[in-house]
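Chemist: Let me give you the structure first, and then I'll get to my questions.
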Amino acid sequence: MAKEKDSGALNHSMALVRKASPARPTTLHDIPDKLLKIILLYLLTSPHWLVRAAATCKRWRRIVVERHFFMCNIPATNPSSLVAGHYHNHASPVNGRRLIFVPSSPVLAVNSHHFSLDFLPGGGSRSWEIVDSHHTLLLLVKKKTGRSHRCFPDLLVCEPITRRCQLIPRVEKMKYHPCIGVFLDMHGRRGAITWDGRAIDTMSSFRVVCVLYHEFTGVSGNIGTAKAVVFEEGWRRKRGWSVRQQHKPQIHLHGVESLHFIGRAAFSLFWAMEDDSSSLLAYNFRWSNEFVIVPLPDHVRGSAWRAIDINNSSSVHVVCLQGDNLRIFAARTYDSTDWELQKSLQLMEATRGLAGHKDEYFCGSTKIVSTSMSSIVFSLAEETWLFSIDFETMEVAKCTYKAHSSACVAYPCELPWLPALRACIVRCSRSGRGRCSDICIC
């Protein structure tokens with residue numbers, strides 16, 4: 001009986017000790033996998049954050065590399081966070097014409113060696129010229145001389161980060177048609193995945209749109225129309241060129257030189273026409289696949305134009321420059337006639353605080369050098385003084401990078417998305433001692 005009392009008193013004292021001892025602090029390791037997975041999904045807005053999270057510990061890496069991780073509802077990705085850098089067709093009196101890559105930000109610590117184009121066939125990168133880019137892919141044309149450079153070009157699509165490329169065959173029956181422009185597009189949205197959670201290979205899901213000029217037979221004045229031929233890779237198991245039929249009345253144009261490409265927005269291509277300053281020529285390559293004339297209201301006029309997509313906006317935006325007056329208009333659809341003024345800015349007044357500013361710079365015409373989804377770069381026609389404007393804040397900044405010139409357009413190249421994480425969650429094959437503790441290539 002005494003023993004039972006002693007044991008009861010002992011148990012009671014131990015229980016008091018347990019109650020008196022402080023509770024263990026809660027850490028990240030106490031979060032269940034389902035909740036941690038939701039938290040990590042919000043890192044998908046930037047691939048850099050996701051890669052760093054996967055390298056934090058074995059548990060986080062295991063969750064990130066699961067094949068069903070990317071099949072959840074992914075938050076919208078900011079496209080600007082995926083841009084690794086920009087390519088330029090650079091001309092130098094010393095080194096000649098060459099393709100150069102400039103990282104978008106030193107913070108990303110992007111190694112330019114991974115974006116080298118020395119793997120291109122047919123004489124290397126000096127034999128090719130970049131004409132378009134989309135996500136991780138570049139579209140290049142073979143350099144030609146003489147009158148042949150205006151005809152159907154030799155085309156190549158490549159992905160620099162994986163060092164893969166594919167030559168695009170020509171349409172033989174149209175090889176002598178003058179080429180208005182060639183453009184690159186992708187099937188589906190960025191980061192599209194298959195039923196089993198795998199990212200769709202961009203090199204097997206692209207399309208090339210080639211816009212040709214077809215001159216009417218027996219009609220004087222070099223009058224003709226535009227035709228679009230599309231090369232599709234992997235779309236519905238098809239591969240090859242197809243001619244897009246124009247069901248609407250044909251559009252009469254006065255030669256290739258009468259059209260000036262001003263950009264792409266909302267899956268559409270836009271041209272300004274010399275003989276009609278009150279309208280734009282548009283071609284939508286996602287839905288209608290037809291050319292249309294887009295009439296502009298009287299208040300939308302300018303000496304320089306750009307059609308652009310702006311971050312986090314589904315509208316079509318047109319940058320209109322008249323003298324030193326910059327205006328940005330927006331419309332819901334590519335063929336809309338209802339254009340609303342979004343923002344405006346007097347360039348001469350806005351740039352007064354920048355180093356090197358002179359009022360006489362604005363006596364001549366101002367040129368639009370390049371545009372992106374977040375900013376636009378200007379240059380003065382007679383000077384090399386460059387400045388940029390941020391679309392969101394309308395802040396003005398001076399540009400110092402030498403590659404920005406009137407003949408140098410920036411072609412953005414993005415990081416792969418969804419990112420391919422080569423993460424080991426099995427026994428390491430290099431050392432053989434337990435599971436691998438780092439993201440490696442073993």
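By convention here, the chains of the structure tokens are called A, B, ... in the order presented, each chain's residues are numbered starting at 1, and ligands are numbered starting at 1 in the order presented.
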Compile a residue-level contact table for stretch 251-320 of chain A against stretch 366-383 of chain A at a cut-off of 10 Å, reporting for every qualifying residue the shortest atom pair and its distance in Å to one decimal, with only C-alpha atoms counted, rows ordered by chain and ascending number, as CSV.
Modeler:
```
residue,atom,partner,partner_atom,distance
A:Gly263,CA,A:Thr371,CA,8.8
A:Ala265,CA,A:Met373,CA,9.9
A:Ser303,CA,A:Thr366,CA,9.1
A:Ala304,CA,A:Ile368,CA,7.1
A:Trp305,CA,A:Ile368,CA,8.0
A:Arg306,CA,A:Thr371,CA,7.9
A:Ala307,CA,A:Thr371,CA,9.1
A:Ile308,CA,A:Met373,CA,7.0
A:Asp309,CA,A:Met373,CA,5.6
A:Ile310,CA,A:Met373,CA,4.5
A:Asn311,CA,A:Met373,CA,5.5
A:Asn312,CA,A:Met373,CA,9.2
A:Ser313,CA,A:Met373,CA,9.8
A:Val319,CA,A:Ile376,CA,9.2
A:Cys320,CA,A:Ile368,CA,10.0
```
Chemist: Would you kindly return, as a PyMOL selection string, each protein, DNA or RNA residue with an atom no farther than 9 Å from any atom of A:Trp128, considering only C-alpha atoms and excluding same-chain residues fewer than 3 positions away?
Modeler: chain A and resi 98-99+120+122-125+140-143+156
